[in-house]
Structure formats: C-alpha cells, structure tokens
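File shown: my_file-v7.txt (compact mmCIF, C-alpha atoms and all ligand atoms).
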```
# COMPACT_ATOMS: atom_id res chain seq x y z
CA MET A 299 -9.23 4.84 34.01
CA VAL A 300 -5.62 4.54 32.98
CA GLU A 301 -3.32 7.23 34.37
CA GLU A 302 -1.34 9.16 31.81
CA ASP A 303 1.92 8.20 33.54
CA GLU A 304 1.26 4.55 32.93
CA LEU A 305 1.27 5.18 29.20
CA ASP A 306 4.71 6.73 29.21
CA VAL A 307 7.10 4.87 26.90
CA GLU A 308 9.49 4.40 29.81
CA ASN A 309 7.07 1.81 31.18
CA ILE A 310 7.69 -0.57 28.30
CA ASP A 311 9.71 -3.55 29.50
CA GLY A 312 13.22 -3.39 28.12
CA VAL A 313 13.14 0.31 27.26
CA GLY A 314 16.01 1.91 29.11
CA PRO A 315 16.86 5.59 29.52
CA VAL A 316 18.77 5.77 26.20
CA THR A 317 15.91 4.45 24.11
CA ARG A 318 13.42 6.46 26.11
CA ASP A 319 15.34 9.68 25.45
CA LYS A 320 15.54 8.91 21.74
CA LEU A 321 11.79 8.44 21.69
CA TYR A 322 11.21 11.64 23.63
CA ALA A 323 13.52 13.49 21.25
CA ALA A 324 11.35 12.27 18.37
CA GLY A 325 8.25 13.58 20.15
CA ILE A 326 7.03 10.12 21.19
CA TYR A 327 5.98 10.00 24.81
CA ASP A 328 3.01 7.71 24.79
CA ILE A 329 2.98 3.95 24.16
CA ARG A 330 0.06 4.27 21.77
CA GLN A 331 1.96 6.86 19.77
CA LEU A 332 4.87 4.45 19.52
CA LEU A 333 2.58 1.71 18.29
CA THR A 334 1.39 3.79 15.36
CA LEU A 335 4.90 3.36 13.99
CA GLY A 336 5.76 0.20 12.13
CA PRO A 337 8.88 -1.77 13.03
CA VAL A 338 10.80 -0.38 10.03
CA GLU A 339 10.09 3.20 11.03
CA LEU A 340 10.87 2.41 14.64
CA SER A 341 14.19 0.80 13.79
CA GLU A 342 15.15 3.83 11.68
CA LEU A 343 14.12 6.21 14.40
CA LEU A 344 16.01 4.44 17.16
CA GLY A 345 18.95 3.27 15.11
CA VAL A 346 18.36 -0.33 16.20
CA ASN A 347 17.96 -3.42 14.07
CA TYR A 348 14.60 -4.70 12.87
CA ASP A 349 14.34 -7.52 15.42
CA LYS A 350 14.92 -5.17 18.30
CA ALA A 351 12.25 -2.82 16.90
CA VAL A 352 9.78 -5.71 16.61
CA ASP A 353 10.60 -6.64 20.18
CA ILE A 354 9.83 -3.12 21.39
CA SER A 355 6.56 -3.12 19.43
CA ASN A 356 5.53 -6.44 20.93
CA ARG A 357 6.32 -5.32 24.45
CA SER A 358 4.36 -2.14 23.84
CA ARG A 359 1.32 -4.11 22.76
CA GLN A 360 1.72 -6.31 25.80
CA LYS A 361 1.73 -3.25 28.02
CA LEU A 362 -1.46 -1.93 26.45
CA THR A 363 -3.06 -5.32 26.93
CA GLU A 364 -2.07 -5.28 30.61
CA LEU A 365 -3.60 -1.83 30.93
CA GLY A 366 -6.80 -3.15 29.35
CA LEU A 367 -6.51 -0.85 26.34
CA MET A 368 -6.05 -3.60 23.84
CA GLY A 369 -7.08 -7.22 23.43
CA GLY A 370 -4.56 -10.01 23.99
CA GLN A 371 -3.14 -12.33 21.36
CA PHE A 372 -6.19 -14.55 21.19
CA ALA A 373 -9.75 -13.88 22.19
CA LEU A 374 -12.85 -15.99 22.35
CA ALA A 375 -14.98 -15.53 19.25
CA SER A 376 -17.89 -14.73 21.55
CA ASP A 377 -15.90 -11.86 23.06
CA VAL A 378 -14.93 -10.67 19.60
CA LEU A 379 -18.61 -10.62 18.70
CA LYS A 380 -19.47 -8.72 21.85
CA HIS A 381 -16.79 -6.19 20.98
CA ARG A 382 -18.04 -5.90 17.39
CA MET A 383 -21.58 -5.24 18.63
CA SER A 384 -20.31 -2.41 20.79
CA ILE A 385 -18.29 -0.69 18.05
CA GLU A 386 -19.38 2.89 17.60
CA ARG A 387 -20.51 4.30 14.28
CA ILE A 388 -20.95 7.69 12.68
CA THR A 389 -23.90 8.47 10.43
CA THR A 390 -23.13 9.57 6.88
CA GLY A 391 -26.29 11.67 6.71
CA SER A 392 -28.00 9.16 4.41
CA ASN A 393 -29.94 6.22 5.83
CA ASN A 394 -29.32 4.31 2.62
CA LEU A 395 -25.58 4.74 2.87
CA ASP A 396 -25.61 3.99 6.61
CA ASN A 397 -27.50 0.77 5.97
CA LEU A 398 -25.05 -0.23 3.26
CA LEU A 399 -22.28 0.18 5.82
CA GLY A 400 -24.13 -1.74 8.51
CA GLY A 401 -25.11 1.37 10.48
CA GLY A 402 -22.58 4.04 9.53
CA ILE A 403 -18.82 4.59 9.45
CA GLU A 404 -17.10 2.30 11.95
CA VAL A 405 -14.49 3.31 14.47
CA GLU A 406 -11.38 1.10 14.63
CA ALA A 407 -11.56 0.71 10.86
CA LEU A 408 -10.23 2.30 7.72
CA THR A 409 -12.97 3.18 5.26
CA GLU A 410 -12.06 4.16 1.72
CA PHE A 411 -14.36 6.05 -0.64
CA TYR A 412 -13.23 5.95 -4.22
CA GLY A 413 -14.75 7.25 -7.40
CA GLU A 414 -14.39 9.72 -10.23
CA PHE A 415 -14.37 13.52 -9.85
CA GLY A 416 -17.60 14.93 -8.52
CA SER A 417 -18.76 11.56 -7.22
CA GLY A 418 -19.10 12.99 -3.70
CA LYS A 419 -15.96 11.92 -1.84
CA THR A 420 -15.17 15.37 -0.49
CA GLN A 421 -18.82 16.07 0.31
CA ILE A 422 -18.99 12.87 2.35
CA CYS A 423 -15.86 13.94 4.25
CA HIS A 424 -17.34 17.35 5.04
CA THR A 425 -20.61 15.83 6.17
CA LEU A 426 -18.86 13.34 8.47
CA CYS A 427 -16.90 16.16 10.13
CA VAL A 428 -20.23 17.54 11.26
CA THR A 429 -22.16 14.33 11.95
CA VAL A 430 -19.36 12.99 14.19
CA GLN A 431 -20.15 15.95 16.45
CA LEU A 432 -23.80 14.97 16.88
CA PRO A 433 -24.72 13.29 20.13
CA LYS A 434 -24.96 9.49 20.16
CA GLU A 435 -28.79 9.59 20.05
CA LYS A 436 -28.42 11.30 16.69
CA LYS A 437 -25.92 8.76 15.44
CA GLY A 438 -22.83 10.86 16.09
CA LEU A 439 -20.06 10.42 18.65
CA GLY A 440 -20.13 13.88 20.23
CA ALA A 441 -16.52 14.31 19.12
CA GLY A 442 -14.33 16.35 16.80
CA ALA A 443 -12.49 15.56 13.57
CA VAL A 444 -9.01 15.89 12.10
CA TYR A 445 -8.93 16.59 8.37
CA ILE A 446 -5.89 16.30 6.16
CA ASP A 447 -6.55 18.13 2.94
CA THR A 448 -4.19 17.33 0.08
CA GLU A 449 -6.19 18.87 -2.75
CA ASN A 450 -7.06 22.18 -1.19
CA THR A 451 -10.75 21.40 -1.33
CA PHE A 452 -11.69 21.77 2.35
CA ARG A 453 -14.35 24.49 2.53
CA PRO A 454 -15.43 25.79 5.95
CA GLU A 455 -18.48 27.35 4.24
CA ARG A 456 -19.74 23.85 3.52
CA ILE A 457 -19.29 22.95 7.20
CA VAL A 458 -21.40 25.98 8.14
CA ALA A 459 -24.22 24.96 5.78
CA ILE A 460 -24.13 21.31 6.86
CA ALA A 461 -24.09 22.19 10.57
CA GLU A 462 -26.96 24.67 10.26
CA HIS A 463 -29.17 22.00 8.77
CA ARG A 464 -28.36 19.68 11.64
CA GLU A 465 -29.02 22.14 14.42
CA ILE A 466 -25.40 22.39 15.43
CA SER A 467 -23.98 25.85 15.97
CA PRO A 468 -21.74 26.46 12.95
CA ASP A 469 -19.24 28.31 15.11
CA GLU A 470 -19.00 25.38 17.49
CA ALA A 471 -18.77 22.92 14.61
CA LEU A 472 -15.85 24.79 13.04
CA LYS A 473 -14.00 24.79 16.33
CA ARG A 474 -14.03 21.01 16.52
CA ILE A 475 -12.45 20.39 13.13
CA PHE A 476 -8.66 20.55 12.83
CA VAL A 477 -7.52 21.00 9.27
CA GLY A 478 -4.02 20.32 8.01
CA LYS A 479 -3.11 21.16 4.44
CA ALA A 480 -0.54 18.71 3.10
CA TYR A 481 1.78 20.05 0.41
CA ASN A 482 3.61 16.87 -0.51
CA THR A 483 4.04 13.26 0.56
CA SER A 484 6.54 13.96 3.31
CA HIS A 485 4.41 16.74 4.67
CA GLN A 486 1.38 14.47 4.60
CA GLU A 487 3.29 11.85 6.57
CA LEU A 488 4.43 14.50 9.05
CA LEU A 489 0.90 15.79 9.58
CA THR A 490 -0.33 12.23 10.01
CA ARG A 491 2.16 11.68 12.81
CA GLU A 492 0.63 14.68 14.58
CA ILE A 493 -2.89 13.29 14.46
CA SER A 494 -2.61 11.35 17.71
CA ASN A 495 -2.15 14.64 19.57
CA TYR A 496 -5.47 15.91 18.30
CA ILE A 497 -7.17 12.67 19.16
CA GLU A 498 -5.78 12.86 22.67
CA LYS A 499 -6.02 16.52 23.49
CA GLU A 500 -9.03 17.58 21.48
CA GLY A 501 -11.06 14.41 21.75
CA CYS A 502 -11.30 13.77 18.01
CA LYS A 503 -12.81 10.48 16.89
CA LEU A 504 -12.71 10.90 13.15
CA VAL A 505 -9.67 11.21 10.92
CA ILE A 506 -10.05 12.19 7.27
CA ILE A 507 -7.44 12.04 4.54
CA ASP A 508 -8.85 13.67 1.39
CA SER A 509 -7.25 12.38 -0.72
CA ALA A 510 -4.77 9.77 0.48
CA MET A 511 -3.13 9.13 -2.87
CA THR A 512 -2.80 12.44 -4.71
CA HIS A 513 0.75 13.24 -3.61
CA PHE A 514 1.97 9.67 -3.71
CA ARG A 515 0.72 9.39 -7.24
CA SER A 516 2.08 12.65 -8.62
CA GLU A 517 5.44 12.59 -6.88
CA PHE A 518 6.38 9.10 -7.83
CA LEU A 519 5.02 9.40 -11.34
CA GLY A 520 7.42 8.60 -14.15
CA ARG A 521 10.32 8.03 -11.81
CA GLY A 522 10.31 4.38 -12.57
CA THR A 523 10.01 3.76 -8.86
CA LEU A 524 6.62 2.20 -8.56
CA ALA A 525 7.96 -0.29 -6.03
CA ASP A 526 9.25 2.54 -3.84
CA ARG A 527 5.93 4.27 -4.03
CA GLN A 528 4.02 1.14 -3.14
CA GLN A 529 6.28 0.49 -0.21
CA ARG A 530 5.90 4.00 1.11
CA LEU A 531 2.17 3.99 0.53
CA ASN A 532 1.94 0.64 2.26
CA ARG A 533 3.71 2.05 5.29
CA TYR A 534 1.50 5.10 5.27
CA LEU A 535 -1.73 3.11 5.10
CA HIS A 536 -0.59 0.82 7.87
CA THR A 537 0.02 3.84 10.05
CA LEU A 538 -3.60 4.81 9.46
CA VAL A 539 -4.87 1.32 10.26
CA ARG A 540 -2.91 1.29 13.51
CA LEU A 541 -4.16 4.76 14.38
CA ALA A 542 -7.74 3.53 13.99
CA GLU A 543 -7.17 0.43 16.11
CA ILE A 544 -5.05 1.88 18.87
CA TYR A 545 -6.98 5.08 19.42
CA HIS A 546 -10.44 3.68 18.64
CA VAL A 547 -11.18 6.27 15.96
CA ALA A 548 -12.71 6.10 12.50
CA VAL A 549 -10.32 6.76 9.64
CA VAL A 550 -11.82 7.74 6.30
CA ILE A 551 -9.72 8.13 3.19
CA THR A 552 -10.63 9.08 -0.35
CA ASN A 553 -9.11 7.89 -3.58
CA GLN A 554 -9.57 8.71 -7.22
CA VAL A 555 -10.12 6.12 -9.88
CA GLN A 556 -7.68 5.50 -12.65
CA ALA A 557 -8.57 4.37 -16.11
CA ALA A 558 -7.63 0.72 -16.50
CA PRO A 559 -7.61 0.23 -20.26
CA ASP A 560 -6.86 -3.45 -19.97
CA THR A 561 -10.30 -4.08 -18.49
CA PHE A 562 -12.53 -5.55 -21.16
CA PHE A 563 -15.55 -6.32 -19.07
CA GLY A 564 -17.33 -4.25 -16.48
CA ASP A 565 -16.26 -0.84 -15.32
CA PRO A 566 -12.96 0.26 -16.90
CA THR A 567 -11.88 2.25 -13.87
CA ARG A 568 -9.98 1.19 -10.81
CA PRO A 569 -9.01 2.89 -7.59
CA SER A 570 -5.40 4.03 -7.64
CA GLY A 571 -2.86 2.50 -5.35
CA GLY A 572 -3.18 -1.02 -6.67
CA HIS A 573 -3.43 -4.04 -4.44
CA ILE A 574 -1.83 -2.32 -1.47
CA MET A 575 -4.77 0.01 -1.16
CA GLY A 576 -7.23 -2.86 -1.40
CA HIS A 577 -5.53 -4.87 1.30
CA SER A 578 -5.23 -2.05 3.79
CA SER A 579 -8.76 -0.65 3.78
CA THR A 580 -11.27 -2.43 5.95
CA TYR A 581 -14.17 -1.16 3.88
CA ARG A 582 -14.08 0.15 0.33
CA ILE A 583 -16.96 2.03 -1.17
CA TYR A 584 -17.11 2.74 -4.85
CA LEU A 585 -19.07 5.88 -5.79
CA ARG A 586 -20.61 6.58 -9.16
CA LYS A 587 -22.64 9.46 -10.53
CA SER A 588 -26.15 8.73 -11.68
CA GLY A 589 -27.77 11.97 -12.78
CA LYS A 590 -28.60 13.94 -9.66
CA ASN A 591 -27.97 10.96 -7.44
CA ARG A 592 -24.95 8.92 -6.51
CA ILE A 593 -24.63 5.16 -6.38
CA ALA A 594 -22.48 3.63 -3.67
CA ARG A 595 -21.28 0.06 -3.79
CA ILE A 596 -19.47 -1.71 -1.01
CA VAL A 597 -16.67 -3.89 -2.35
CA ASP A 598 -14.35 -6.44 -0.75
CA SER A 599 -15.93 -6.09 2.68
CA PRO A 600 -15.05 -8.75 5.25
CA TYR A 601 -18.72 -9.30 6.00
CA HIS A 602 -21.03 -7.21 3.84
CA ALA A 603 -22.47 -8.68 0.68
CA GLU A 604 -21.61 -6.67 -2.42
CA ALA A 605 -24.54 -4.33 -2.69
CA ASP A 606 -25.58 -1.00 -4.17
CA THR A 607 -27.50 1.90 -2.75
CA ILE A 608 -28.34 5.45 -3.78
CA PHE A 609 -27.87 8.75 -2.00
CA THR A 610 -27.68 12.36 -3.01
CA LEU A 611 -25.57 15.46 -2.44
CA THR A 612 -27.34 18.59 -1.30
CA ASP A 613 -26.45 21.90 0.24
CA LYS A 614 -26.93 20.28 3.64
CA GLY A 615 -24.46 17.56 2.78
CA VAL A 616 -25.08 13.89 2.14
CA ALA A 617 -28.77 12.88 2.19
CA ASP A 618 -31.20 10.25 0.98
CA PRO A 619 -32.73 10.88 -2.46
CA GLU A 620 -36.17 12.42 -2.39
CA GLU A 621 -39.10 10.01 -2.48
CA GLY A 622 -39.88 8.84 -5.97
CA SER A 623 -36.63 10.09 -7.45
CA LYS A 624 -35.21 7.77 -10.03
CA ARG A 625 -31.65 6.69 -10.53
N1 LIG B 701 -23.58 23.35 -1.89
C1 LIG B 701 -23.89 22.28 -2.61
N2 LIG B 701 -25.17 21.97 -2.83
C2 LIG B 701 -25.50 20.89 -3.54
N3 LIG B 701 -24.62 20.04 -4.09
C3 LIG B 701 -23.33 20.31 -3.91
C4 LIG B 701 -22.89 21.42 -3.14
N4 LIG B 701 -21.56 21.41 -3.12
C5 LIG B 701 -21.19 20.34 -3.85
N5 LIG B 701 -22.24 19.67 -4.31
C6 LIG B 701 -22.23 18.45 -5.16
O1 LIG B 701 -21.04 17.76 -4.93
C7 LIG B 701 -20.36 17.54 -6.16
C8 LIG B 701 -18.87 17.57 -5.92
O2 LIG B 701 -18.57 16.47 -5.13
P1 LIG B 701 -17.16 16.27 -4.43
O3 LIG B 701 -16.41 17.53 -4.41
O4 LIG B 701 -17.43 15.60 -3.16
O5 LIG B 701 -16.50 15.28 -5.47
P2 LIG B 701 -15.18 14.42 -5.29
O6 LIG B 701 -15.61 13.01 -5.41
O7 LIG B 701 -14.48 14.84 -4.06
O8 LIG B 701 -14.38 14.85 -6.60
P3 LIG B 701 -12.80 15.02 -6.83
O9 LIG B 701 -12.30 13.71 -7.30
O10 LIG B 701 -12.73 16.07 -7.88
O11 LIG B 701 -12.19 15.46 -5.53
C9 LIG B 701 -20.84 18.61 -7.06
O12 LIG B 701 -20.77 18.19 -8.41
C10 LIG B 701 -22.27 18.77 -6.63
O13 LIG B 701 -23.07 17.80 -7.23
MG MG B 702 -12.66 15.75 -3.70
```
Mind converting the file's structure to structure tokens?
Amino acid sequence: MVEEDELDVENIDGVGPVTRDKLYAAGIYDIRQLLTLGPVELSELLGVNYDKAVDISNRSRQKLTELGLMGGQFALASDVLKHRMSIERITTGSNNLDNLLGGGIEVEALTEFYGEFGSGKTQICHTLCVTVQLPKEKKGLGAGAVYIDTENTFRPERIVAIAEHREISPDEALKRIFVGKAYNTSHQELLTREISNYIEKEGCKLVIIDSAMTHFRSEFLGRGTLADRQQRLNRYLHTLVRLAEIYHVAVVITNQVQAAPDTFFGDPTRPSGGHIMGHSSTYRIYLRKSGKNRIARIVDSPYHAEADTIFTLTDKGVADPEEGSKR
C-alpha cells in the first residue's frame, strides 16, 4: 500500500516550495491529481513555460512508476497482456451489449455512446450507476459513481427502479452516486477537476459525463471559433482519458449525432465533436432505435471487430430483448 504522504506533490523531483505552494493554492495536493492536467494547463497554472511543465509531468509519472502505481515507459507485451486480462469491467445490464464490449465497460478507458435522441444513452448511464455498485460476482465493482449531468436529465427515480430490480437497496444506491449539474462549459470543466476527490474519498470507479458535448457545441456555435472549440474539447477529453488511466476508473461519455448532409452513402448522421472525439475515445458505440429495441454497434475499436447487437430499455434499465423478439 502506498502511504498518502508519498503521493504529495512535494515529493516530485524538482518541485520546490514555491511550485508546491502554487499547486496547493490551486487545490492540487496529490501527484495523480497533477497528472490529470495537461502540460498546457499546468504551465498556465504555475506560470512556467511549456517545457518546464512537461518536465514536471514527466517527473510526476516517474514518481508514480516508482511507487508502482503506473507502468514504466516500456513494458513487455506479455506483461501488457497480463494487465489487459486483469482489467475490471462493469456490466451494462445486457449480456448482448456486454459481449459486444468484450465483457462490459472497461476501467482505464473512455467509452463513448453516441446516437440520436431516445436511443438510450442516458438510460445506459443510469443503469451503469447502479450496476457498478454490484459485487464483482455480479459483474459490478462494488463501487460508487460520479455523474456530470449537462442536460438536466439525471433522474433519481430511475436509479430507484433500476436498483430495486437488482436487489440493491435504493437508498444505499442513491448514496453512492454523486451528481454534479453543469451549467456551462467552464462549469463542466470545474466539476470535472473535482472528480478525483470523489474517486479518492468516496471510492467511485465510474465517471459519467452525460452529455460531454452539449455545452461545447452550443457555446461555441456561430462564433466562428471552431478551432478554439476543438482545442478546448481536445483538452477536456484528454483530462478524462488521464483520469481513467491514472485512477483506474471507467469513464463513460455520451454524445449526440449531428446530421452530416454531405454523406451520400450509409447513415447520414455523425457524432458531434469531429475527429477529436473519435481520437480520444477508446471505445465508441453507436446506438440506433429499432422499434422497441436498440441496436448497438462498436466502431473504431482498437481490437473489436465492427459488430452489431441488440438490447432493450425497460423500467429496470438496460436489458436483453425478450426471447423471440424481432429487430
Ligand atoms: N421507465 C422506463 N421504462 C421503460 N423504458 C424507458 C423508461 N424510461 C425511459 N425509457 C426508454 O428510454 C428512452 C429514452 O432514452 P434516453 O433518455 O436514454 O435517450 P438519450 O439517448 O439519452 O436521448 P437524448 O439524446 O435526448 O438525451 C425512452 O424513449 C424509452 O424508450
Ligand atoms: Mg440523454
């Protein structure tokens, strides 16, 4: 076990009292917290140049490696495989969807669900907040969840219904979900910086951002500053990726689809956020409505074949379609 003291930012080589105090003043005490910041953010925060910020980041990683909390620069492929085999997963509530994902939602990864309205993104998020609390034998992690709600669609009543069906006390379930309502992009970023506290203190292993893009999209709309938006979104998504890796949690984000009128073949909708979104997410799942059921397709996965599966949305959350039900 690593002592809390050892994770204090003052233990990073080259961090003197001045830098340490600046970090403390910004509410950053822990090396892992520091590492969720990118070099640009770090350089702004500390008022140092980019190279110095990169240097501090590198030394921080080195420290975590020394403490055994992170892998080194290179690892044997066999060790990487061993690590991959041991990665924990959270059930979605549907065996079909779990199988599509190779066993459920992975920790240390960013999983994006995108699709049109009513395709089930928010229902999946609610279900995961409950299933993450299940014990490991029931494909959960026995842990809590942090939920950032940007669309005001978090409904505790749904948590109650989903928990009841899974033999979890609804009262207990509600007490392990920490909900932050984000009013705008800056507020969303601020709340996201707070997440590490909930992971640490409350033992959360799932982070949800429903939806990641709403504010970015509306606030930067028509300002002619698409590049600014992409840059800020890029930074934001990288923060999430680092959060997943450093704290060994699962991060799930949702995203709407945008009409892409220039598409002549195939589905004329695309997830918003452009290429940046695609490059940041480890797994992307495209959801479509199909009558009562939903079709999920995994796209651009580093190791899954592109494949489809069906699931359904019920009062008890995400589930497999009933036997014999058609698409
Ligand atoms: N209590 C319930 N019982 C059964 N099905 C439900 C229940 N609540 C919601 N649903 C299903 O979930 C659908 C809504 O899905 P959800 O809110 O997850 O969509 P979304 O993808 O988040 O959409 P948006 O883009 O608007 O946020 C409803 O149309 C309904 O089919
Ligand atoms: Mg929704």
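Comparing A:Gly416, A:Gly438, A:Gly615, A:Pro454 by their smallest distance to ligand MG 702 (chain B), the closest is A:Gly416 (using all atoms listed in the file).
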### Message
Show me which residues line ligand MG 702 (chain B), defined as having an atom within 8 Å of a ligand atom where only C-alpha atoms and all ligand atoms count, and present them as a ChimeraX atom specification.
### Response
/A:415-416,418-421,449,451,508-509,552
Determine, using only C-alpha atoms and all ligand atoms, which residues of chain A have any atom at most 10 Å from an atom of ligand LIG 701 (chain B), and tabulate each with its shortest atom pair and distance in Å to one decimal place, rows ordered by chain and then rising number, as CSV.
```
residue,atom,partner,partner_atom,distance
A:Phe411,CA,B:LIG701,O6,8.5
A:Tyr412,CA,B:LIG701,O6,7.5
A:Gly413,CA,B:LIG701,O6,6.2
A:Glu414,CA,B:LIG701,O9,5.4
A:Phe415,CA,B:LIG701,O9,3.3
A:Gly416,CA,B:LIG701,O5,3.3
A:Ser417,CA,B:LIG701,O6,3.9
A:Gly418,CA,B:LIG701,O4,3.1
A:Lys419,CA,B:LIG701,O6,3.7
A:Thr420,CA,B:LIG701,O4,3.5
A:Gln421,CA,B:LIG701,O4,3.8
A:Ile422,CA,B:LIG701,O4,6.3
A:Cys423,CA,B:LIG701,O4,7.8
A:His424,CA,B:LIG701,O4,8.4
A:Thr425,CA,B:LIG701,O4,9.9
A:Thr448,CA,B:LIG701,O11,9.9
A:Glu449,CA,B:LIG701,O11,7.4
A:Asn450,CA,B:LIG701,O11,9.5
A:Thr451,CA,B:LIG701,O11,7.4
A:Phe452,CA,B:LIG701,O3,9.3
A:Arg453,CA,B:LIG701,N4,9.7
A:Glu455,CA,B:LIG701,N1,8.9
A:Arg456,CA,B:LIG701,N1,6.7
A:Ala459,CA,B:LIG701,N1,7.9
A:Ile460,CA,B:LIG701,N1,9.0
A:Asp508,CA,B:LIG701,O11,7.9
A:Ser509,CA,B:LIG701,O11,7.6
A:Thr512,CA,B:LIG701,O11,9.9
A:Thr552,CA,B:LIG701,O7,7.9
A:Asn553,CA,B:LIG701,O9,7.6
A:Gln554,CA,B:LIG701,O9,5.7
A:Val555,CA,B:LIG701,O9,8.3
A:Leu585,CA,B:LIG701,O6,7.9
A:Arg586,CA,B:LIG701,O6,9.0
A:Lys587,CA,B:LIG701,O13,9.0
A:Gly589,CA,B:LIG701,O13,9.3
A:Lys590,CA,B:LIG701,O13,7.2
A:Asn591,CA,B:LIG701,O13,8.4
A:Arg592,CA,B:LIG701,O13,9.1
A:Thr610,CA,B:LIG701,O13,8.3
A:Leu611,CA,B:LIG701,N3,5.0
A:Thr612,CA,B:LIG701,C2,3.7
A:Asp613,CA,B:LIG701,N2,3.3
A:Lys614,CA,B:LIG701,N2,6.9
A:Gly615,CA,B:LIG701,N2,7.2
A:Val616,CA,B:LIG701,N3,8.8
```
## Note on the structure
Counting only C-alpha atoms, the residue among A:Tyr601, A:Phe518, A:Tyr581, A:Tyr445 that lies closest to Lys479 in chain A is A:Tyr445
### All residues 9 Å or closer to Leu365 in chain A, all atoms listed in the file, same chain fewer than 3 positions away omitted, as a list in words
Val300, Glu304, Leu305, Gln360, Lys361, Leu362 and Met368 of chain A
### Message
List the spatial neighbours of Arg318 in chain A as a ChimeraX atom specification - criterion: any atom at most 10 Å away, only C-alpha atoms, same-chain residues fewer than 3 positions off excluded.
### Response
/A:306-310,313-315,321-324,326-327,344
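Among A:Ser494, A:Asp349, A:Pro600, A:Ala373, the residue with the shortest atom-to-atom distance to Glu543 in chain A, counting all atoms listed in the file, is A:Ser494.
You will find CA of Arg491 in chain A at 28.4 Å from CA of Ala461 in chain A.
CA of Gly442 in chain A is positioned 23.3 Å from CA of Tyr481 in chain A.
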### Query
Which residues, protein or nucleic acid, reach to within 7 Å of (2.0, 6.1, 8.4) in the file's coordinates when using all atoms listed in the file, and can you give that as a PyMOL selection string?
chain A and resi 335+487+490+533-538
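What separates CA of Val378 in chain A from CA of Asp353 in chain A is a distance of 25.9 Å.
Distances from A:Ile583, A:Leu343, A:Val352, A:Leu541 to Glu604 in chain A were compared using all atoms listed in the file, and the smallest one belongs to A:Ile583.
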Using 6 Å of padding on each side, determine the axis-aligned box around all atoms of range 323-335 of chain A present in the file and give its centre and edge lengths in Å to one decimal, as AutoDock Vina command-line options.
```
--center_x 6.8 --center_y 7.6 --center_z 19.4 --size_x 25.5 --size_y 23.9 --size_z 22.8
```
